[in-house]
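Asks: Got model_9.tsv for you, TSV, C-alpha atoms:
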```tsv
chain	number	residue	atom	x	y	z
A	199	MET	CA	-20.19	17.04	-0.57
A	200	LEU	CA	-18.91	17.83	2.94
A	201	ALA	CA	-20.31	14.67	4.54
A	202	GLU	CA	-19.04	12.44	1.71
A	203	ALA	CA	-15.54	13.95	1.88
A	204	LEU	CA	-15.47	13.52	5.67
A	205	VAL	CA	-16.55	9.87	5.37
A	206	LEU	CA	-13.80	9.27	2.79
A	207	SER	CA	-11.30	11.02	5.06
A	208	ALA	CA	-12.35	8.87	8.04
A	209	LEU	CA	-12.10	5.72	5.91
A	210	LEU	CA	-8.58	6.58	4.70
A	211	PHE	CA	-7.48	7.47	8.23
A	212	MET	CA	-8.80	4.14	9.49
A	213	ILE	CA	-7.05	2.15	6.75
A	214	GLY	CA	-3.85	4.04	7.58
A	215	ALA	CA	-4.23	3.29	11.30
A	216	PHE	CA	-4.90	-0.38	10.52
A	217	GLY	CA	-1.77	-0.50	8.37
A	218	VAL	CA	0.36	1.08	11.10
A	219	LEU	CA	-0.87	-1.50	13.60
A	220	ILE	CA	-0.68	-4.58	11.39
A	221	ARG	CA	2.47	-4.24	9.24
A	222	ARG	CA	5.97	-4.96	10.48
A	223	ASN	CA	8.00	-3.38	7.66
A	224	ALA	CA	9.08	0.03	9.02
A	225	ILE	CA	8.84	1.69	5.58
A	226	ILE	CA	5.25	0.49	5.08
A	227	VAL	CA	4.37	1.70	8.58
A	228	PHE	CA	5.80	5.06	7.58
A	229	LEU	CA	3.81	5.04	4.34
A	230	CYS	CA	0.62	4.38	6.32
A	231	ILE	CA	1.39	7.38	8.56
A	232	GLU	CA	1.62	9.50	5.40
A	233	LEU	CA	-1.77	8.08	4.41
A	234	GLN	CA	-3.22	9.24	7.73
A	235	LEU	CA	-1.74	12.73	7.24
A	236	ASN	CA	-3.38	12.83	3.82
A	237	ALA	CA	-6.74	11.79	5.27
A	238	VAL	CA	-6.53	14.72	7.69
A	239	ASN	CA	-5.59	17.01	4.79
A	240	LEU	CA	-8.75	15.95	2.99
A	241	SER	CA	-10.80	16.87	6.08
A	242	PHE	CA	-9.13	20.29	6.20
A	243	VAL	CA	-9.84	20.97	2.52
A	244	ALA	CA	-13.47	19.81	2.84
A	245	PHE	CA	-14.05	22.08	5.84
A	246	SER	CA	-12.28	25.00	4.17
A	247	ARG	CA	-14.95	24.87	1.44
A	248	TYR	CA	-17.45	25.98	4.11
A	249	LEU	CA	-15.45	27.76	6.79
A	250	GLY	CA	-12.92	29.90	4.90
A	251	ILE	CA	-9.48	29.71	3.31
A	252	GLU	CA	-7.55	29.01	6.54
A	253	GLY	CA	-8.11	25.26	6.18
A	254	GLN	CA	-6.11	25.25	2.96
A	255	LEU	CA	-3.29	27.13	4.69
A	256	PHE	CA	-3.18	24.44	7.34
A	257	VAL	CA	-2.91	21.77	4.65
A	258	PHE	CA	0.07	23.69	3.26
A	259	PHE	CA	1.77	23.55	6.67
A	260	VAL	CA	0.83	19.89	7.21
A	261	MET	CA	2.46	19.02	3.87
A	262	THR	CA	5.67	20.84	4.86
A	263	VAL	CA	5.80	19.02	8.20
A	264	ALA	CA	5.11	15.72	6.39
A	265	ALA	CA	8.03	16.38	4.04
A	266	ALA	CA	10.37	17.16	6.96
A	267	GLU	CA	9.12	14.12	8.84
A	268	ALA	CA	9.65	11.84	5.83
A	269	ALA	CA	13.23	13.08	5.38
A	270	VAL	CA	14.19	12.60	9.05
A	271	GLY	CA	12.26	9.34	9.44
A	272	LEU	CA	13.83	7.75	6.37
A	273	ALA	CA	17.28	8.86	7.56
A	274	ILE	CA	16.58	7.11	10.88
A	275	ILE	CA	15.46	3.97	9.01
A	276	ILE	CA	18.69	3.99	6.95
A	277	SER	CA	20.74	4.43	10.09
A	278	ILE	CA	18.89	1.57	11.85
A	279	PHE	CA	19.26	-0.66	8.78
A	280	ARG	CA	23.05	-0.14	8.89
A	281	HIS	CA	23.04	-1.44	12.44
A	282	TYR	CA	20.54	-4.35	12.32
A	283	GLU	CA	20.50	-5.21	8.58
A	284	THR	CA	16.67	-5.27	8.66
A	285	VAL	CA	13.71	-2.87	8.74
A	286	ASN	CA	11.38	-5.22	10.63
A	287	VAL	CA	10.02	-3.30	13.61
A	288	GLU	CA	9.96	-6.48	15.76
A	289	ASN	CA	13.76	-6.32	15.91
A	290	PHE	CA	13.88	-2.75	17.23
A	291	ASN	CA	13.35	-3.54	20.90
A	292	LEU	CA	16.02	-1.44	22.57
A	293	LEU	CA	13.42	0.77	24.30
A	294	LYS	CA	11.08	-2.13	25.09
A	295	TRP	CA	10.83	-3.55	28.60
B	282	MET	CA	-21.62	15.39	-12.31
B	283	VAL	CA	-19.31	16.42	-9.48
B	284	GLU	CA	-20.75	13.62	-7.34
B	285	ILE	CA	-20.01	10.99	-10.00
B	286	PHE	CA	-16.39	12.15	-10.29
B	287	PHE	CA	-16.13	12.25	-6.53
B	288	PHE	CA	-17.29	8.67	-6.14
B	289	ILE	CA	-14.94	7.42	-8.88
B	290	LEU	CA	-11.97	9.19	-7.27
B	291	ALA	CA	-13.03	8.06	-3.78
B	292	THR	CA	-13.12	4.45	-4.97
B	293	ILE	CA	-9.62	4.79	-6.43
B	294	ALA	CA	-8.36	6.39	-3.21
B	295	VAL	CA	-9.82	3.70	-0.94
B	296	GLY	CA	-8.68	0.89	-3.26
B	297	GLY	CA	-5.17	2.35	-3.35
B	298	ALA	CA	-5.11	2.69	0.44
B	299	LEU	CA	-6.16	-0.94	0.85
B	300	GLY	CA	-3.46	-1.88	-1.68
B	301	VAL	CA	-0.84	-0.07	0.44
B	302	VAL	CA	-1.79	-2.13	3.48
B	303	ILE	CA	-2.27	-5.49	1.72
B	304	GLN	CA	0.57	-5.49	-0.85
B	305	LYS	CA	3.59	-7.58	0.23
B	306	ASN	CA	6.13	-5.93	-2.06
B	307	PRO	CA	7.18	-2.46	-0.69
B	308	VAL	CA	7.51	-1.02	-4.21
B	309	GLY	CA	3.96	-2.20	-5.01
B	310	SER	CA	2.72	-0.56	-1.81
B	311	LEU	CA	4.40	2.65	-2.87
B	312	LEU	CA	2.80	2.64	-6.33
B	313	PHE	CA	-0.65	2.09	-4.76
B	314	MET	CA	0.10	5.07	-2.52
B	315	VAL	CA	0.90	7.24	-5.54
B	316	GLY	CA	-2.50	6.27	-6.98
B	317	THR	CA	-4.23	7.25	-3.73
B	318	LEU	CA	-2.41	10.59	-3.67
B	319	ALA	CA	-3.36	11.31	-7.29
B	320	ALA	CA	-7.02	10.50	-6.56
B	321	LEU	CA	-6.90	12.79	-3.52
B	322	ALA	CA	-5.47	15.56	-5.73
B	323	GLY	CA	-8.50	15.08	-8.01
B	324	ILE	CA	-10.83	15.38	-5.01
B	325	PHE	CA	-9.03	18.60	-4.00
B	326	VAL	CA	-9.86	19.97	-7.45
B	327	LEU	CA	-13.53	19.05	-6.95
B	328	LEU	CA	-13.41	20.94	-3.63
B	329	GLU	CA	-12.01	24.04	-5.44
B	330	ALA	CA	-8.55	23.75	-3.86
B	331	HIS	CA	-6.65	23.89	-7.15
B	332	PHE	CA	-3.35	25.14	-5.68
B	333	LEU	CA	-3.27	22.34	-3.13
B	334	ALA	CA	-4.05	19.77	-5.83
B	335	ALA	CA	-0.97	20.94	-7.75
B	336	ILE	CA	1.16	20.91	-4.60
B	337	GLN	CA	-0.16	17.45	-3.72
B	338	VAL	CA	1.00	16.04	-7.05
B	339	LEU	CA	4.34	17.92	-7.06
B	340	VAL	CA	5.41	17.55	-3.43
B	341	TYR	CA	3.69	14.34	-2.32
B	342	ALA	CA	3.47	12.12	-5.37
B	343	GLY	CA	6.57	13.70	-6.89
B	344	ALA	CA	9.07	14.34	-4.12
B	345	ILE	CA	8.14	12.42	-0.97
B	346	MET	CA	7.19	9.18	-2.75
B	347	VAL	CA	10.41	9.29	-4.80
B	348	LEU	CA	12.31	9.70	-1.52
B	349	PHE	CA	10.60	6.54	-0.21
B	350	LEU	CA	11.41	4.73	-3.45
B	351	PHE	CA	15.08	5.78	-3.19
B	352	VAL	CA	15.29	4.38	0.34
B	353	ILE	CA	13.60	1.08	-0.64
B	354	MET	CA	16.00	0.67	-3.55
B	355	LEU	CA	19.02	1.81	-1.52
B	356	LEU	CA	18.31	-0.77	1.19
B	357	ASN	CA	17.49	-3.34	-1.50
B	358	LEU	CA	14.07	-4.19	-0.06
B	359	GLY	CA	12.35	-4.33	-3.46
B	360	HIS	CA	12.17	-8.14	-3.55
B	361	ASP	CA	11.46	-8.72	0.12
B	362	TYR	CA	8.36	-10.87	-0.38
B	363	LYS	CA	8.25	-12.31	3.13
B	364	ALA	CA	4.82	-11.73	4.64
B	365	ASP	CA	5.25	-9.14	7.36
B	366	VAL	CA	1.66	-8.94	8.58
B	367	ARG	CA	0.99	-9.48	12.24
B	368	ARG	CA	-1.20	-12.50	13.02
B	369	GLY	CA	-3.21	-13.79	15.97
B	370	LEU	CA	-3.78	-11.45	18.89
B	371	GLY	CA	-1.96	-8.54	17.25
B	372	ALA	CA	-4.21	-8.55	14.18
B	373	PHE	CA	-7.31	-8.95	16.36
B	374	LEU	CA	-6.29	-5.99	18.53
B	375	ALA	CA	-5.53	-3.86	15.47
B	376	PHE	CA	-8.95	-4.67	14.00
B	377	GLY	CA	-10.66	-3.88	17.31
B	378	VAL	CA	-8.89	-0.54	17.78
B	379	THR	CA	-9.56	0.51	14.18
B	380	GLY	CA	-13.21	-0.54	14.42
B	381	ALA	CA	-13.73	1.41	17.63
B	382	LEU	CA	-12.14	4.50	16.06
B	383	ALA	CA	-14.36	4.10	12.97
B	384	GLY	CA	-17.49	3.87	15.11
B	385	LEU	CA	-16.50	6.97	17.07
B	386	LEU	CA	-15.86	9.01	13.89
B	387	ALA	CA	-19.06	7.78	12.19
B	388	SER	CA	-21.13	8.79	15.22
B	389	GLN	CA	-19.77	12.36	14.91
B	390	LEU	CA	-20.44	12.74	11.19
B	391	ARG	CA	-24.23	12.49	11.19
B	392	GLY	CA	-25.84	15.70	9.92
B	393	ALA	CA	-22.49	17.47	9.49
B	394	GLU	CA	-23.89	19.84	6.87
B	395	GLU	CA	-26.98	20.85	8.88
B	396	ASN	CA	-24.93	22.06	11.84
B	397	PRO	CA	-26.17	25.61	12.71
B	398	ILE	CA	-22.56	26.80	13.12
B	399	TYR	CA	-22.24	27.13	9.32
B	400	GLN	CA	-24.46	30.20	9.14
B	401	TYR	CA	-21.64	32.23	10.71
B	402	PHE	CA	-19.15	31.30	7.98
B	403	PRO	CA	-18.89	32.20	4.28
B	404	GLY	CA	-20.03	28.81	2.94
B	405	PRO	CA	-19.40	27.56	-0.63
B	406	GLU	CA	-20.90	30.69	-2.21
B	407	GLY	CA	-18.66	32.99	-0.17
B	408	MET	CA	-15.63	30.85	-0.99
B	409	ASP	CA	-16.43	30.96	-4.72
B	410	LEU	CA	-16.65	34.75	-4.50
B	411	LEU	CA	-13.28	34.93	-2.69
B	412	LEU	CA	-11.60	32.68	-5.26
B	413	GLU	CA	-13.07	34.73	-8.09
B	414	GLU	CA	-11.87	38.01	-6.59
B	415	GLN	CA	-8.33	37.02	-5.60
B	416	GLY	CA	-7.59	34.03	-7.81
B	417	VAL	CA	-6.82	30.49	-6.69
B	418	VAL	CA	-3.24	31.21	-5.61
B	419	GLY	CA	-3.87	34.75	-4.38
B	420	ALA	CA	-6.55	33.63	-1.94
B	421	ILE	CA	-3.98	31.40	-0.21
B	422	ALA	CA	-0.96	33.68	-0.65
B	423	ARG	CA	-2.56	36.78	0.90
B	424	PRO	CA	-3.13	35.37	4.41
B	425	LEU	CA	0.06	33.28	4.14
B	426	PHE	CA	2.23	36.41	3.77
B	427	THR	CA	0.27	38.65	6.15
B	428	GLU	CA	-1.44	36.97	9.13
B	429	TYR	CA	0.56	33.74	9.06
B	430	VAL	CA	3.92	35.08	7.94
B	431	ILE	CA	5.69	34.05	11.17
B	432	ALA	CA	4.50	30.45	10.81
B	433	PHE	CA	5.59	30.55	7.17
B	434	GLU	CA	9.11	31.71	8.10
B	435	LEU	CA	9.33	29.12	10.89
B	436	VAL	CA	8.41	26.37	8.41
B	437	GLY	CA	11.48	27.40	6.43
B	438	VAL	CA	13.62	26.95	9.55
B	439	LEU	CA	11.94	23.58	10.19
B	440	LEU	CA	12.84	22.38	6.70
B	441	LEU	CA	16.44	23.49	7.16
B	442	VAL	CA	16.67	21.64	10.49
B	443	ALA	CA	15.12	18.51	8.93
B	444	LEU	CA	17.61	18.70	6.04
B	445	VAL	CA	20.64	19.01	8.33
B	446	GLY	CA	19.25	16.34	10.66
B	447	ALA	CA	18.63	13.89	7.82
B	448	VAL	CA	22.18	14.31	6.51
B	449	ALA	CA	23.65	13.95	10.01
B	450	LEU	CA	21.58	10.81	10.74
B	451	ALA	CA	22.16	9.01	7.45
B	452	LYS	CA	25.89	9.85	7.25
B	453	LYS	CA	28.31	6.95	7.63
B	454	ARG	CA	30.30	7.12	10.86
B	455	ALA	CA	33.90	7.92	9.97
```
Spell out the structure here as structure tokens.
Replies:
Amino acid sequence: MLAEALVLSALLFMIGAFGVLIRRNAIIVFLCIELQLNAVNLSFVAFSRYLGIEGQLFVFFVMTVAAAEAAVGLAIIISIFRHYETVNVENFNLLKW
Amino acid sequence: MVEIFFFILATIAVGGALGVVIQKNPVGSLLFMVGTLAALAGIFVLLEAHFLAAIQVLVYAGAIMVLFLFVIMLLNLGHDYKADVRRGLGAFLAFGVTGALAGLLASQLRGAEENPIYQYFPGPEGMDLLLEEQGVVGAIARPLFTEYVIAFELVGVLLLVALVGAVALAKKRA
């Protein structure tokens, strides 16, 4: 069960990373980051089955951080949308050189 | 039996994740994501993490995904069907980076269960005993309010800061 769960976790993380790299819609990029966080959560839970309850505690904290991150990130996206009228990441090039 | 359920849920999770990446419509992406999260909650149940499965459905599929949906609807992106996938060199690079990462992870996973380190830890039998003694919630709550109580309190502060920050960022300039 451990190896299967870890393979699934790696697969989900990879799909999430691929989505982050390939999509241009900022909200979808954000959604893919959440997918990666969830893949890591699955790893934690799978390991906690063998190594003790602490893994589940970490998942609890990861979920809290993910919630905070989603709130702040979406607020930033709203604020950027007000300015540029788009959420396409190609247009956000203020910090690009 | 557990294996069959696991493979069904894993298929749903991977299919949903692919749907998130492939789907053009943001709302469609979001609904695929909810499916993935629900399947992951089912896998948490199979791994005896019942409390986290409940939290996953309530907090992730319930609260965070609804927040995303609110933002998509607020910004009126629901019928934004323009393809927004990178092409050419960008897509090639993304595929290469992801493939390299996959190879690296796969090379580390071989024989994960036979690793001698596991003899020093409780293992599934020990975990079952712990869950039976303290209950599903108690087993998590006990260390959370004793050893990790400072981290728990700090997480509360983090949430407050995120809340204030989100309001300050999304507020209209007067």
Asks: Might you pull out every residue within 9 Å of B:Ala375, with only C-alpha atoms counted and same-chain residues fewer than 5 positions away left off, and present them as JSON, numbers by chain?
Replies: {"A": [215, 216, 217, 218, 219, 220], "B": [370, 380]}
Asks: Given the choices B:Met346, B:Leu358, B:Leu318, B:Ala387, which gets closest to A:Ala201 if the distance is worked out from only C-alpha atoms?
Replies: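 Closest to A:Ala201, using only C-alpha atoms: B:Ala387.
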Asks: Which one is closest to chain B: A:Leu292, A:Val287, A:Leu235, A:Ile276? Count all atoms listed in the file.
Replies: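 Among the listed residues, A:Ile276 lies closest to chain B.
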Asks: So how many Å separate atom CA of B:Val295 and atom CA of A:Asn236, to one decimal?
Replies: 12.1 Å
Asks: Give as a PyMOL selection string every residue, naming chains and numbers as the document does, that has an atom within 6 Å of (1.7, -8.1, 11.8), counting all atoms listed in the file.
Replies: (chain A and resi 220-222) or (chain B and resi 365-368)
Asks: Measuring between only C-alpha atoms, which one of B:Ala335, B:Leu425, B:Ile431, B:Met354 shows the shortest distance to chain A?
Replies: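 Of B:Ala335, B:Leu425, B:Ile431, B:Met354, the one nearest chain A is B:Leu425, counting only C-alpha atoms.
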Asks: Counting only C-alpha atoms, figure out which residue out of A:Ala244, A:Glu202, A:Glu232, A:Ile225 gets nearest to A:Val263.
Replies: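 Of the candidates, the smallest distance to A:Val263 is held by A:Glu232.
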Asks: Which of these, B:Leu290, B:Val352, B:Leu312, B:Val417, has the shortest distance to chain A once you count only C-alpha atoms?
Replies: B:Val352
Asks: Could you state the separation of atom CA of A:Leu249 and atom CA of B:Ala291 in Å, given to one decimal place?
Replies: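 Answer for the atom CA of A:Leu249 to atom CA of B:Ala291 separation: 22.5 Å.
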Asks: Counting only C-alpha atoms, which residue out of B:Leu411, B:Ala330, B:Ala322, B:Ile303 sits closest to A:Leu255?
Replies: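 Smallest distance to A:Leu255 is found for B:Ala330.
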Asks: So how far away is atom CA of B:Leu450 from atom CA of A:Ala268, in Å?
Replies: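 Distance reported for this atom pair: 12.9 Å.
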Asks: For A:Ala266, please output as a list of chain:residue names all residues within 7 Å (counting only C-alpha atoms; exclusion window: fewer than 3 positions along the same chain).
Replies: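 Answer for this query is A:Thr262, A:Val263, A:Ala269, A:Val270, B:Leu440, B:Ala443.
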Asks: How would you write as a ChimeraX atom specification the residues that get within 9 Å of (10.7, -1.9, 11.0) in the file's frame, counting all atoms listed in the file?
Replies: /A:221-227,275,278-279,284-290
Asks: Within 8 Å of B:Gly300, counting all atoms listed in the file, which residues show up once you throw out same-chain ones fewer than 2 positions away? Write them as number ranges by chain, please.
Replies: B: 296-298, 302-304, 310, 313-314
Asks: Please return stretch 265-292 of chain A, rebuilt to N, CA and C atoms, as a PDB file, in the coordinates of the input.
Replies:
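Done, and the output landed in result.pdb:
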```pdb
ATOM      1  N   ALA A 265       6.798  16.511   4.817  1.00  0.00           N
ATOM      2  CA  ALA A 265       8.030  16.380   4.040  1.00  0.00           C
ATOM      3  C   ALA A 265       9.235  16.298   4.981  1.00  0.00           C
ATOM      4  N   ALA A 266       9.267  17.173   5.999  1.00  0.00           N
ATOM      5  CA  ALA A 266      10.370  17.160   6.960  1.00  0.00           C
ATOM      6  C   ALA A 266      10.412  15.835   7.697  1.00  0.00           C
ATOM      7  N   GLU A 267       9.218  15.366   8.097  1.00  0.00           N
ATOM      8  CA  GLU A 267       9.120  14.120   8.840  1.00  0.00           C
ATOM      9  C   GLU A 267       9.588  12.940   7.985  1.00  0.00           C
ATOM     10  N   ALA A 268       9.217  12.930   6.709  1.00  0.00           N
ATOM     11  CA  ALA A 268       9.650  11.840   5.830  1.00  0.00           C
ATOM     12  C   ALA A 268      11.160  11.824   5.698  1.00  0.00           C
ATOM     13  N   ALA A 269      11.774  13.021   5.546  1.00  0.00           N
ATOM     14  CA  ALA A 269      13.230  13.080   5.380  1.00  0.00           C
ATOM     15  C   ALA A 269      13.925  12.534   6.618  1.00  0.00           C
ATOM     16  N   VAL A 270      13.525  13.031   7.807  1.00  0.00           N
ATOM     17  CA  VAL A 270      14.190  12.600   9.050  1.00  0.00           C
ATOM     18  C   VAL A 270      13.900  11.129   9.332  1.00  0.00           C
ATOM     19  N   GLY A 271      12.631  10.722   9.153  1.00  0.00           N
ATOM     20  CA  GLY A 271      12.260   9.340   9.440  1.00  0.00           C
ATOM     21  C   GLY A 271      13.013   8.352   8.563  1.00  0.00           C
ATOM     22  N   LEU A 272      13.122   8.663   7.267  1.00  0.00           N
ATOM     23  CA  LEU A 272      13.830   7.750   6.370  1.00  0.00           C
ATOM     24  C   LEU A 272      15.319   7.717   6.699  1.00  0.00           C
ATOM     25  N   ALA A 273      15.870   8.856   7.143  1.00  0.00           N
ATOM     26  CA  ALA A 273      17.280   8.860   7.560  1.00  0.00           C
ATOM     27  C   ALA A 273      17.466   7.950   8.768  1.00  0.00           C
ATOM     28  N   ILE A 274      16.507   7.995   9.707  1.00  0.00           N
ATOM     29  CA  ILE A 274      16.580   7.110  10.880  1.00  0.00           C
ATOM     30  C   ILE A 274      16.498   5.653  10.439  1.00  0.00           C
ATOM     31  N   ILE A 275      15.596   5.350   9.477  1.00  0.00           N
ATOM     32  CA  ILE A 275      15.460   3.970   9.010  1.00  0.00           C
ATOM     33  C   ILE A 275      16.769   3.496   8.369  1.00  0.00           C
ATOM     34  N   ILE A 276      17.407   4.364   7.562  1.00  0.00           N
ATOM     35  CA  ILE A 276      18.690   3.990   6.950  1.00  0.00           C
ATOM     36  C   ILE A 276      19.721   3.704   8.027  1.00  0.00           C
ATOM     37  N   SER A 277      19.752   4.586   9.025  1.00  0.00           N
ATOM     38  CA  SER A 277      20.740   4.430  10.090  1.00  0.00           C
ATOM     39  C   SER A 277      20.496   3.153  10.896  1.00  0.00           C
ATOM     40  N   ILE A 278      19.214   2.820  11.143  1.00  0.00           N
ATOM     41  CA  ILE A 278      18.890   1.570  11.850  1.00  0.00           C
ATOM     42  C   ILE A 278      19.243   0.359  10.999  1.00  0.00           C
ATOM     43  N   PHE A 279      18.965   0.459   9.682  1.00  0.00           N
ATOM     44  CA  PHE A 279      19.260  -0.660   8.780  1.00  0.00           C
ATOM     45  C   PHE A 279      20.752  -0.969   8.767  1.00  0.00           C
ATOM     46  N   ARG A 280      21.591   0.071   8.849  1.00  0.00           N
ATOM     47  CA  ARG A 280      23.050  -0.140   8.890  1.00  0.00           C
ATOM     48  C   ARG A 280      23.414  -0.996  10.094  1.00  0.00           C
ATOM     49  N   HIS A 281      22.694  -0.781  11.188  1.00  0.00           N
ATOM     50  CA  HIS A 281      23.040  -1.440  12.440  1.00  0.00           C
ATOM     51  C   HIS A 281      22.490  -2.862  12.494  1.00  0.00           C
ATOM     52  N   TYR A 282      21.203  -3.048  12.133  1.00  0.00           N
ATOM     53  CA  TYR A 282      20.540  -4.350  12.320  1.00  0.00           C
ATOM     54  C   TYR A 282      20.415  -5.157  11.028  1.00  0.00           C
ATOM     55  N   GLU A 283      20.658  -4.536   9.871  1.00  0.00           N
ATOM     56  CA  GLU A 283      20.500  -5.210   8.580  1.00  0.00           C
ATOM     57  C   GLU A 283      19.052  -5.634   8.310  1.00  0.00           C
ATOM     58  N   THR A 284      18.086  -4.975   8.903  1.00  0.00           N
ATOM     59  CA  THR A 284      16.670  -5.270   8.660  1.00  0.00           C
ATOM     60  C   THR A 284      15.843  -4.024   8.972  1.00  0.00           C
ATOM     61  N   VAL A 285      14.613  -3.976   8.399  1.00  0.00           N
ATOM     62  CA  VAL A 285      13.710  -2.870   8.740  1.00  0.00           C
ATOM     63  C   VAL A 285      12.451  -3.410   9.424  1.00  0.00           C
ATOM     64  N   ASN A 286      12.526  -4.640   9.930  1.00  0.00           N
ATOM     65  CA  ASN A 286      11.380  -5.220  10.630  1.00  0.00           C
ATOM     66  C   ASN A 286      11.287  -4.630  12.032  1.00  0.00           C
ATOM     67  N   VAL A 287      10.117  -4.030  12.350  1.00  0.00           N
ATOM     68  CA  VAL A 287      10.020  -3.300  13.610  1.00  0.00           C
ATOM     69  C   VAL A 287      10.090  -4.228  14.829  1.00  0.00           C
ATOM     70  N   GLU A 288       9.862  -5.539  14.630  1.00  0.00           N
ATOM     71  CA  GLU A 288       9.960  -6.480  15.760  1.00  0.00           C
ATOM     72  C   GLU A 288      11.385  -6.520  16.326  1.00  0.00           C
ATOM     73  N   ASN A 289      12.361  -6.222  15.461  1.00  0.00           N
ATOM     74  CA  ASN A 289      13.760  -6.320  15.910  1.00  0.00           C
ATOM     75  C   ASN A 289      14.234  -5.071  16.635  1.00  0.00           C
ATOM     76  N   PHE A 290      13.460  -3.994  16.565  1.00  0.00           N
ATOM     77  CA  PHE A 290      13.880  -2.750  17.230  1.00  0.00           C
ATOM     78  C   PHE A 290      13.293  -2.755  18.634  1.00  0.00           C
ATOM     79  N   ASN A 291      13.945  -3.419  19.566  1.00  0.00           N
ATOM     80  CA  ASN A 291      13.350  -3.540  20.900  1.00  0.00           C
ATOM     81  C   ASN A 291      14.243  -2.966  21.985  1.00  0.00           C
ATOM     82  N   LEU A 292      15.088  -2.015  21.602  1.00  0.00           N
ATOM     83  CA  LEU A 292      16.020  -1.440  22.570  1.00  0.00           C
ATOM     84  C   LEU A 292      15.279  -0.685  23.671  1.00  0.00           C
TER      85      LEU A 292
END
```
